[in-house]
file query_3.cif (mmCIF, C-alpha atoms)
data_start
loop_
_atom_site.group_PDB
_atom_site.id
_atom_site.type_symbol
_atom_site.label_atom_id
_atom_site.label_comp_id
_atom_site.auth_asym_id
_atom_site.auth_seq_id
_atom_site.Cartn_x
_atom_site.Cartn_y
_atom_site.Cartn_z
ATOM 1 C CA HIS A 120 23.950 -4.973 -23.318
ATOM 2 C CA ASP A 121 27.381 -4.899 -21.677
ATOM 3 C CA TYR A 122 27.790 -8.664 -21.529
ATOM 4 C CA GLU A 123 31.472 -9.709 -21.452
ATOM 5 C CA HIS A 124 32.528 -6.060 -21.145
ATOM 6 C CA PRO A 125 36.276 -6.078 -20.367
ATOM 7 C CA GLY A 126 36.313 -2.807 -18.419
ATOM 8 C CA THR A 127 37.885 -0.725 -21.176
ATOM 9 C CA ASN A 128 36.316 1.448 -23.865
ATOM 10 C CA ASN A 129 36.088 0.988 -27.618
ATOM 11 C CA ALA A 130 39.008 3.321 -28.329
ATOM 12 C CA TYR A 131 41.292 1.238 -26.130
ATOM 13 C CA MET A 132 40.264 -1.965 -27.882
ATOM 14 C CA VAL A 133 40.970 -0.398 -31.268
ATOM 15 C CA ASN A 134 44.235 1.291 -30.257
ATOM 16 C CA THR A 135 45.659 -1.936 -28.807
ATOM 17 C CA GLY A 136 44.566 -3.983 -31.821
ATOM 18 C CA HIS A 137 42.547 -6.312 -29.641
ATOM 19 C CA ASP A 138 41.120 -9.420 -31.298
ATOM 20 C CA ILE A 139 37.570 -8.247 -30.553
ATOM 21 C CA ALA A 140 38.231 -4.956 -32.359
ATOM 22 C CA GLN A 141 39.654 -6.869 -35.315
ATOM 23 C CA GLN A 142 36.627 -9.142 -35.367
ATOM 24 C CA HIS A 143 34.208 -6.196 -35.562
ATOM 25 C CA ASN A 144 36.289 -4.001 -37.879
ATOM 26 C CA ASP A 145 36.754 -1.336 -35.176
ATOM 27 C CA GLN A 146 33.037 -0.467 -35.312
ATOM 28 C CA HIS A 147 30.991 -0.318 -32.068
ATOM 29 C CA VAL A 148 33.453 -2.919 -30.841
ATOM 30 C CA LEU A 149 32.146 -3.795 -27.382
ATOM 31 C CA GLU A 150 28.490 -3.341 -28.275
ATOM 32 C CA ASN A 151 28.841 -5.613 -31.299
ATOM 33 C CA ASN A 152 30.663 -8.214 -29.240
ATOM 34 C CA SER A 153 27.907 -8.274 -26.612
ATOM 35 C CA LEU A 154 25.327 -8.555 -29.367
ATOM 36 C CA ARG A 155 27.154 -11.406 -31.068
ATOM 37 C CA VAL A 156 27.260 -13.465 -27.877
ATOM 38 C CA CYS A 157 23.775 -12.632 -26.612
ATOM 39 C CA LEU A 158 21.971 -13.096 -29.923
ATOM 40 C CA GLY A 159 23.693 -16.443 -30.202
ATOM 41 C CA MET A 160 22.368 -17.362 -26.768
ATOM 42 C CA LEU A 161 18.804 -16.632 -27.895
ATOM 43 C CA VAL A 162 19.197 -19.238 -30.619
ATOM 44 C CA LYS A 163 21.083 -21.826 -28.557
ATOM 45 C CA THR A 164 18.570 -21.693 -25.688
ATOM 46 C CA ASN A 165 15.616 -22.043 -28.096
ATOM 47 C CA PHE A 166 14.214 -18.757 -26.754
ATOM 48 C CA VAL A 167 12.948 -17.784 -30.209
ATOM 49 C CA ILE A 168 12.137 -21.271 -31.500
ATOM 50 C CA LYS A 169 8.375 -20.690 -31.625
ATOM 51 C CA MET A 170 8.574 -17.250 -33.213
ATOM 52 C CA SER A 171 7.835 -16.726 -36.881
ATOM 53 C CA ARG A 172 10.692 -15.846 -39.197
ATOM 54 C CA SER A 173 9.478 -12.251 -39.532
ATOM 55 C CA ASP A 174 9.149 -11.862 -35.756
ATOM 56 C CA LYS A 175 12.664 -13.192 -35.266
ATOM 57 C CA ARG A 176 13.996 -10.648 -37.753
ATOM 58 C CA GLU A 177 12.118 -7.848 -36.040
ATOM 59 C CA LEU A 178 13.348 -8.901 -32.594
ATOM 60 C CA ARG A 179 16.923 -9.116 -33.831
ATOM 61 C CA LYS A 180 16.696 -5.691 -35.494
ATOM 62 C CA THR A 181 15.269 -4.143 -32.327
ATOM 63 C CA ILE A 182 17.878 -5.637 -30.004
ATOM 64 C CA ILE A 183 20.730 -4.584 -32.283
ATOM 65 C CA SER A 184 19.458 -1.004 -32.533
ATOM 66 C CA MET A 185 18.928 -0.707 -28.781
ATOM 67 C CA VAL A 186 22.387 -1.973 -27.867
ATOM 68 C CA LEU A 187 24.251 0.021 -30.526
ATOM 69 C CA ALA A 188 22.463 3.137 -29.248
ATOM 70 C CA THR A 189 24.391 2.809 -25.973
ATOM 71 C CA ASP A 190 27.668 3.559 -27.762
ATOM 72 C CA MET A 191 28.404 7.163 -26.767
ATOM 73 C CA ALA A 192 29.368 7.794 -30.379
ATOM 74 C CA GLU A 193 25.633 7.543 -31.096
ATOM 75 C CA HIS A 194 24.509 9.702 -28.157
ATOM 76 C CA PHE A 195 23.574 12.967 -29.822
ATOM 77 C CA ARG A 196 21.958 11.210 -32.784
ATOM 78 C CA VAL A 197 19.633 9.244 -30.493
ATOM 79 C CA VAL A 198 18.723 12.261 -28.346
ATOM 80 C CA SER A 199 18.076 14.363 -31.444
ATOM 81 C CA GLN A 200 15.853 11.693 -32.995
ATOM 82 C CA PHE A 201 13.943 11.336 -29.733
ATOM 83 C CA SER A 202 13.246 15.054 -29.777
ATOM 84 C CA GLN A 203 12.132 15.007 -33.402
ATOM 85 C CA LYS A 204 10.153 11.772 -33.448
ATOM 86 C CA ILE A 205 8.791 11.482 -29.908
ATOM 87 C CA THR A 206 8.811 14.798 -28.026
ATOM 88 C CA GLN A 207 7.371 16.837 -30.886
ATOM 89 C CA ALA A 208 4.905 14.079 -31.788
ATOM 90 C CA SER A 209 3.630 13.932 -28.196
ATOM 91 C CA MET A 210 2.581 17.578 -28.463
ATOM 92 C CA GLN A 211 0.383 16.785 -31.450
ATOM 93 C CA PRO A 212 -0.693 13.142 -31.038
ATOM 94 C CA GLU A 213 -1.825 11.509 -34.260
ATOM 95 C CA GLY A 214 -2.660 8.016 -33.109
ATOM 96 C CA PRO A 215 -0.340 5.107 -32.278
ATOM 97 C CA LEU A 216 3.409 5.480 -32.665
ATOM 98 C CA ARG A 217 4.972 4.374 -35.927
ATOM 99 C CA SER A 218 7.486 1.533 -35.881
ATOM 100 C CA ASP A 219 10.434 3.929 -36.267
ATOM 101 C CA GLN A 220 9.137 6.015 -33.364
ATOM 102 C CA LYS A 221 8.819 2.930 -31.183
ATOM 103 C CA LEU A 222 12.400 1.950 -31.997
ATOM 104 C CA THR A 223 13.691 5.422 -31.121
ATOM 105 C CA LEU A 224 11.776 5.287 -27.850
ATOM 106 C CA LEU A 225 13.328 1.922 -26.976
ATOM 107 C CA GLU A 226 16.818 3.207 -27.847
ATOM 108 C CA MET A 227 16.329 6.174 -25.541
ATOM 109 C CA ALA A 228 15.010 3.970 -22.737
ATOM 110 C CA MET A 229 18.053 1.701 -23.052
ATOM 111 C CA LYS A 230 20.402 4.683 -22.901
ATOM 112 C CA LEU A 231 18.667 5.962 -19.771
ATOM 113 C CA ALA A 232 19.003 2.541 -18.163
ATOM 114 C CA ASP A 233 22.701 2.522 -19.099
ATOM 115 C CA ILE A 234 23.301 5.631 -16.947
ATOM 116 C CA GLY A 235 20.588 4.714 -14.448
ATOM 117 C CA HIS A 236 22.968 5.007 -11.496
ATOM 118 C CA THR A 237 22.604 8.791 -11.805
ATOM 119 C CA THR A 238 19.034 8.457 -10.548
ATOM 120 C CA LEU A 239 19.782 6.138 -7.636
ATOM 121 C CA LEU A 240 19.810 7.337 -4.051
ATOM 122 C CA GLU A 241 22.865 9.447 -3.368
ATOM 123 C CA LEU A 242 24.931 6.847 -1.497
ATOM 124 C CA GLU A 243 24.320 4.160 -4.143
ATOM 125 C CA HIS A 244 25.055 6.591 -6.966
ATOM 126 C CA VAL A 245 28.358 7.692 -5.437
ATOM 127 C CA HIS A 246 29.439 4.080 -4.941
ATOM 128 C CA TRP A 247 28.767 3.422 -8.634
ATOM 129 C CA VAL A 248 30.836 6.451 -9.629
ATOM 130 C CA THR A 249 33.672 5.244 -7.404
ATOM 131 C CA ALA A 250 33.614 1.841 -9.115
ATOM 132 C CA ILE A 251 33.565 3.496 -12.539
ATOM 133 C CA GLN A 252 36.571 5.610 -11.581
ATOM 134 C CA GLU A 253 38.523 2.514 -10.553
ATOM 135 C CA GLU A 254 37.738 0.994 -13.949
ATOM 136 C CA PHE A 255 38.820 4.157 -15.783
ATOM 137 C CA PHE A 256 42.080 4.372 -13.840
ATOM 138 C CA SER A 257 42.785 0.705 -14.570
ATOM 139 C CA GLN A 258 42.466 1.464 -18.289
ATOM 140 C CA GLY A 259 44.764 4.458 -17.859
ATOM 141 C CA ASP A 260 47.398 2.263 -16.255
ATOM 142 C CA ALA A 261 47.139 -0.188 -19.148
ATOM 143 C CA GLU A 262 47.438 2.641 -21.685
ATOM 144 C CA ARG A 263 50.564 3.896 -19.912
ATOM 145 C CA GLU A 264 52.085 0.404 -20.075
ATOM 146 C CA HIS A 265 51.337 0.207 -23.822
ATOM 147 C CA GLY A 266 52.857 3.633 -24.445
ATOM 148 C CA LEU A 267 49.499 5.039 -25.528
ATOM 149 C CA SER A 268 48.045 8.455 -24.807
ATOM 150 C CA ILE A 269 45.986 8.210 -21.634
ATOM 151 C CA SER A 270 42.287 8.656 -22.275
ATOM 152 C CA PRO A 271 40.308 11.469 -20.636
ATOM 153 C CA LEU A 272 39.385 10.763 -16.979
ATOM 154 C CA CYS A 273 41.741 7.771 -16.905
ATOM 155 C CA ASP A 274 44.952 9.323 -15.561
ATOM 156 C CA LYS A 275 45.134 8.717 -11.817
ATOM 157 C CA ARG A 276 48.385 10.704 -11.633
ATOM 158 C CA LYS A 277 46.628 13.907 -12.554
ATOM 159 C CA LYS A 278 46.473 16.122 -9.485
ATOM 160 C CA THR A 279 43.036 17.689 -9.966
ATOM 161 C CA ASN A 280 39.786 16.567 -11.603
ATOM 162 C CA ALA A 281 41.435 13.298 -12.556
ATOM 163 C CA GLY A 282 38.541 10.876 -12.885
ATOM 164 C CA PRO A 283 34.771 10.447 -12.851
ATOM 165 C CA ALA A 284 34.620 10.881 -9.053
ATOM 166 C CA SER A 285 35.585 14.525 -9.436
ATOM 167 C CA GLY A 286 32.760 16.957 -8.746
ATOM 168 C CA ALA A 287 33.756 19.134 -11.694
ATOM 169 C CA ASN A 288 33.716 16.187 -14.097
ATOM 170 C CA GLN A 289 30.401 14.869 -12.815
ATOM 171 C CA ILE A 290 28.788 18.290 -13.179
ATOM 172 C CA GLY A 291 29.836 18.327 -16.820
ATOM 173 C CA PHE A 292 28.505 14.801 -17.332
ATOM 174 C CA PHE A 293 25.176 15.672 -15.741
ATOM 175 C CA ASP A 294 24.779 18.967 -17.598
ATOM 176 C CA VAL A 295 25.760 17.729 -21.063
ATOM 177 C CA ILE A 296 24.600 14.097 -21.077
ATOM 178 C CA CYS A 297 22.267 13.108 -18.238
ATOM 179 C CA ASN A 298 20.004 16.059 -17.556
ATOM 180 C CA PRO A 299 19.017 16.732 -21.192
ATOM 181 C CA MET A 300 18.136 13.047 -21.658
ATOM 182 C CA TYR A 301 16.020 12.675 -18.547
ATOM 183 C CA THR A 302 14.369 16.078 -19.055
ATOM 184 C CA ALA A 303 13.324 15.086 -22.574
ATOM 185 C CA PHE A 304 12.041 11.703 -21.389
ATOM 186 C CA VAL A 305 10.061 13.154 -18.484
ATOM 187 C CA GLU A 306 8.503 15.692 -20.811
ATOM 188 C CA VAL A 307 6.904 12.783 -22.677
ATOM 189 C CA PHE A 308 6.445 10.506 -19.651
ATOM 190 C CA PRO A 309 5.647 12.771 -16.657
ATOM 191 C CA THR A 310 5.280 9.810 -14.284
ATOM 192 C CA CYS A 311 9.066 9.388 -14.549
ATOM 193 C CA ALA A 312 9.595 12.771 -12.878
ATOM 194 C CA PRO A 313 10.945 11.200 -9.633
ATOM 195 C CA LEU A 314 13.956 9.973 -11.641
ATOM 196 C CA LEU A 315 14.742 13.502 -12.772
ATOM 197 C CA ASP A 316 14.226 14.814 -9.243
ATOM 198 C CA GLN A 317 16.777 12.362 -7.834
ATOM 199 C CA LEU A 318 19.185 13.098 -10.669
ATOM 200 C CA ASN A 319 19.096 16.796 -9.795
ATOM 201 C CA LYS A 320 19.580 15.957 -6.131
ATOM 202 C CA ASN A 321 22.683 13.953 -7.030
ATOM 203 C CA LEU A 322 23.878 16.862 -9.159
ATOM 204 C CA ARG A 323 23.661 19.116 -6.101
ATOM 205 C CA TYR A 324 25.938 16.662 -4.299
ATOM 206 C CA TRP A 325 28.585 17.028 -7.000
ATOM 207 C CA VAL A 326 28.275 20.814 -6.886
ATOM 208 C CA TRP A 327 28.989 20.568 -3.151
ATOM 209 C CA ASP A 328 31.877 18.182 -3.847
ATOM 210 C CA LYS A 329 33.415 20.579 -6.382
ATOM 211 C CA GLU A 330 33.197 23.495 -3.960
ATOM 212 C CA LYS A 331 34.812 21.344 -1.258
ATOM 213 C CA ASP A 332 37.699 20.445 -3.568
ATOM 214 C CA GLU A 333 38.241 24.085 -4.513
ATOM 215 C CA ASN A 334 38.517 25.057 -0.851
ATOM 216 C CA GLN A 335 41.195 22.546 0.094
ATOM 217 C CA PRO A 336 44.768 21.898 -1.100
ATOM 218 C CA SER A 337 45.041 19.639 -4.130
ATOM 219 C CA SER A 338 45.984 16.027 -3.467
ATOM 220 C CA SER A 339 46.836 12.992 -5.511
ATOM 221 C CA ALA A 340 43.874 11.403 -7.264
ATOM 222 C CA THR A 341 45.209 7.946 -6.448
ATOM 223 C CA THR A 342 43.352 7.946 -3.142
ATOM 224 C CA ILE A 343 39.596 8.186 -3.543
ATOM 225 C CA GLU A 344 37.749 9.670 -0.619
ATOM 226 C CA ILE A 345 34.027 10.189 -0.929
ATOM 227 C CA GLN A 346 31.911 11.788 1.738
ATOM 228 C CA VAL A 347 28.182 11.463 1.328
ATOM 229 C CA ILE A 348 26.086 14.293 2.699
ATOM 230 C CA GLU A 349 22.376 14.730 2.983
ATOM 231 C CA ILE A 350 21.237 17.026 0.173
ATOM 232 C CA PRO A 351 17.751 18.504 0.582
#
call {"tool": "encode", "arguments": {"input": "query_3.cif", "output": "structure tokens"}}
result
Amino acid sequence: HDYEHPGTNNAYMVNTGHDIAQQHNDQHVLENNSLRVCLGMLVKTNFVIKMSRSDKRELRKTIISMVLATDMAEHFRVVSQFSQKITQASMQPEGPLRSDQKLTLLEMAMKLADIGHTTLLELEHVHWVTAIQEEFFSQGDAEREHGLSISPLCDKRKKTNAGPASGANQIGFFDVICNPMYTAFVEVFPTCAPLLDQLNKNLRYWVWDKEKDENQPSSSATTIEIQVIEIP
């Protein structure tokens, strides 16, 4: 779903007037670009050649909905619909899921996969966050060169809580975005509980990291130093 992702966000593509943003009318820019290329591949590689016309339409509709759901602009809509259509329905099962419920479930699953690094083992998760921070800071540098306002978490010159690898910022991300999503999903699919358990373990790491930062003098965010500890 992130095929040909350039390492910047949709706002940057729009604000710089990038050709891709122009092509997609500033709407879900990167998601639409990935969809355009990947859906074209399905046709060119004859992947769908034996499918009926109706099945092709249904597959295309499903893929588009799943990928567009990963745009953070759609986050709260998807989580809300999951709660209404899936969580509440699971408490009073009335037979097989409807087609709209299945689509909402797939959208939620795609979003969880998109932030799946939060449920990896601690060392792997922290390495992912470090890589994400490098990408964010690279965008911030580009925004500075273009004379644009630097996006949140993208200013490496900020002395404290500059990027994603800040404990304070990760705690906010976990509390507002990650934990509610995984909690809702595990409520419907209890066998996925180990994912939520690891997510909460990683959250405890960032709590420790925040406390460590608060107890030492502030330093430039340009140098990223991550110490992985064993969290029980």
call {"tool": "residues_around", "arguments": {"input": "query_3.cif", "residues": "Asp219 (chain A)", "least_positions_apart": "4", "cutoff": "9 Å", "atoms": "all atoms listed in the file", "output": "MDAnalysis selection string"}}
result
chainID A and resid 204 223:224
call {"tool": "closest_atom_pairs", "arguments": {"input": "query_3.cif", "of": "region 164-280 of chain A", "to": "region 148-157 of chain A", "cutoff": "10 Å", "atoms": "all atoms listed in the file", "output": "JSON lines"}}
result
{"residue": "A:Arg179", "atom": "CA", "partner": "A:Leu154", "partner_atom": "CA", "distance": 9.5}
{"residue": "A:Ile182", "atom": "CA", "partner": "A:Leu154", "partner_atom": "CA", "distance": 8.0}
{"residue": "A:Ile183", "atom": "CA", "partner": "A:Leu154", "partner_atom": "CA", "distance": 6.7}
{"residue": "A:Met185", "atom": "CA", "partner": "A:Glu150", "partner_atom": "CA", "distance": 9.9}
{"residue": "A:Val186", "atom": "CA", "partner": "A:Glu150", "partner_atom": "CA", "distance": 6.3}
{"residue": "A:Leu187", "atom": "CA", "partner": "A:Glu150", "partner_atom": "CA", "distance": 5.9}
{"residue": "A:Ala188", "atom": "CA", "partner": "A:Glu150", "partner_atom": "CA", "distance": 8.9}
{"residue": "A:Thr189", "atom": "CA", "partner": "A:Glu150", "partner_atom": "CA", "distance": 7.7}
{"residue": "A:Asp190", "atom": "CA", "partner": "A:Glu150", "partner_atom": "CA", "distance": 7.0}
call {"tool": "closest_residue", "arguments": {"input": "query_3.cif", "among": "A:Asn129, A:Gln207, A:Asn288, A:Gln335", "to": "Phe304 (chain A)", "atoms": "only C-alpha atoms"}}
result
A:Gln207
call {"tool": "closest_residue", "arguments": {"input": "query_3.cif", "among": "A:Pro309, A:Gln252, A:Met300, A:Leu161", "to": "Asp274 (chain A)", "atoms": "only C-alpha atoms"}}
result
A:Gln252
call {"tool": "residues_around", "arguments": {"input": "query_3.cif", "residues": "Glu262 (chain A)", "least_positions_apart": "4", "cutoff": "10 Å", "atoms": "only C-alpha atoms", "output": "list in words"}}
result
Tyr131, Asn134, Thr135, Phe256, Ser257, Gln258, Gly266, Leu267, Ser268, Ile269, Ser270, Cys273 and Asp274 of chain A
call {"tool": "axis_aligned_box", "arguments": {"input": "query_3.cif", "around": "region 168-183 of chain A", "padding_each_side": "8 Å", "output": "JSON"}}
result
{"center_x": 14.3, "center_y": -12.7, "center_z": -34.8, "size_x": 28.9, "size_y": 33.1, "size_z": 25.5}
call {"tool": "resolve_selection", "arguments": {"input": "query_3.cif", "expression": "the PyMOL selection byres ((chain A and resi 307) around 12)", "output": "list in words"}}
result
Phe201, Ser202, Lys204, Ile205, Thr206, Gln207, Ala208, Ser209, Met210, Gln211, Pro212, Leu224, Met227, Ala228, Met300, Tyr301, Thr302, Ala303, Phe304, Val305, Glu306, Phe308, Pro309, Thr310, Cys311 and Ala312 of chain A
call {"tool": "closest_residue", "arguments": {"input": "query_3.cif", "among": "A:Pro299, A:Val248, A:Arg276, A:Glu241", "to": "Asp260 (chain A)", "atoms": "only C-alpha atoms"}}
result
A:Arg276
call {"tool": "atom_distance", "arguments": {"input": "query_3.cif", "atom1": "CA of Ser285 (chain A)", "atom2": "CA of Leu272 (chain A)"}}
result
9.2 Å
call {"tool": "resolve_selection", "arguments": {"input": "query_3.cif", "expression": "the PyMOL selection byres ((chain A and resi 324-326) around 7)", "output": "VMD selection string"}}
result
chain A and resid 286 289 to 290 320 to 323 327 to 330 350
call {"tool": "atom_distance", "arguments": {"input": "query_3.cif", "atom1": "CA of Ala250 (chain A)", "atom2": "CA of Met132 (chain A)"}}
result
20.3 Å
call {"tool": "atom_distance", "arguments": {"input": "query_3.cif", "atom1": "CA of Leu314 (chain A)", "atom2": "CA of His244 (chain A)"}}
result
12.5 Å
call {"tool": "closest_residue", "arguments": {"input": "query_3.cif", "among": "A:Val162, A:Ile296, A:Leu315, A:Ala287", "to": "Leu240 (chain A)", "atoms": "only C-alpha atoms"}}
result
A:Leu315
call {"tool": "closest_residue", "arguments": {"input": "query_3.cif", "among": "A:Gln142, A:Leu318, A:Glu254, A:Ser184", "to": "Asp294 (chain A)", "atoms": "only C-alpha atoms"}}
result
A:Leu318
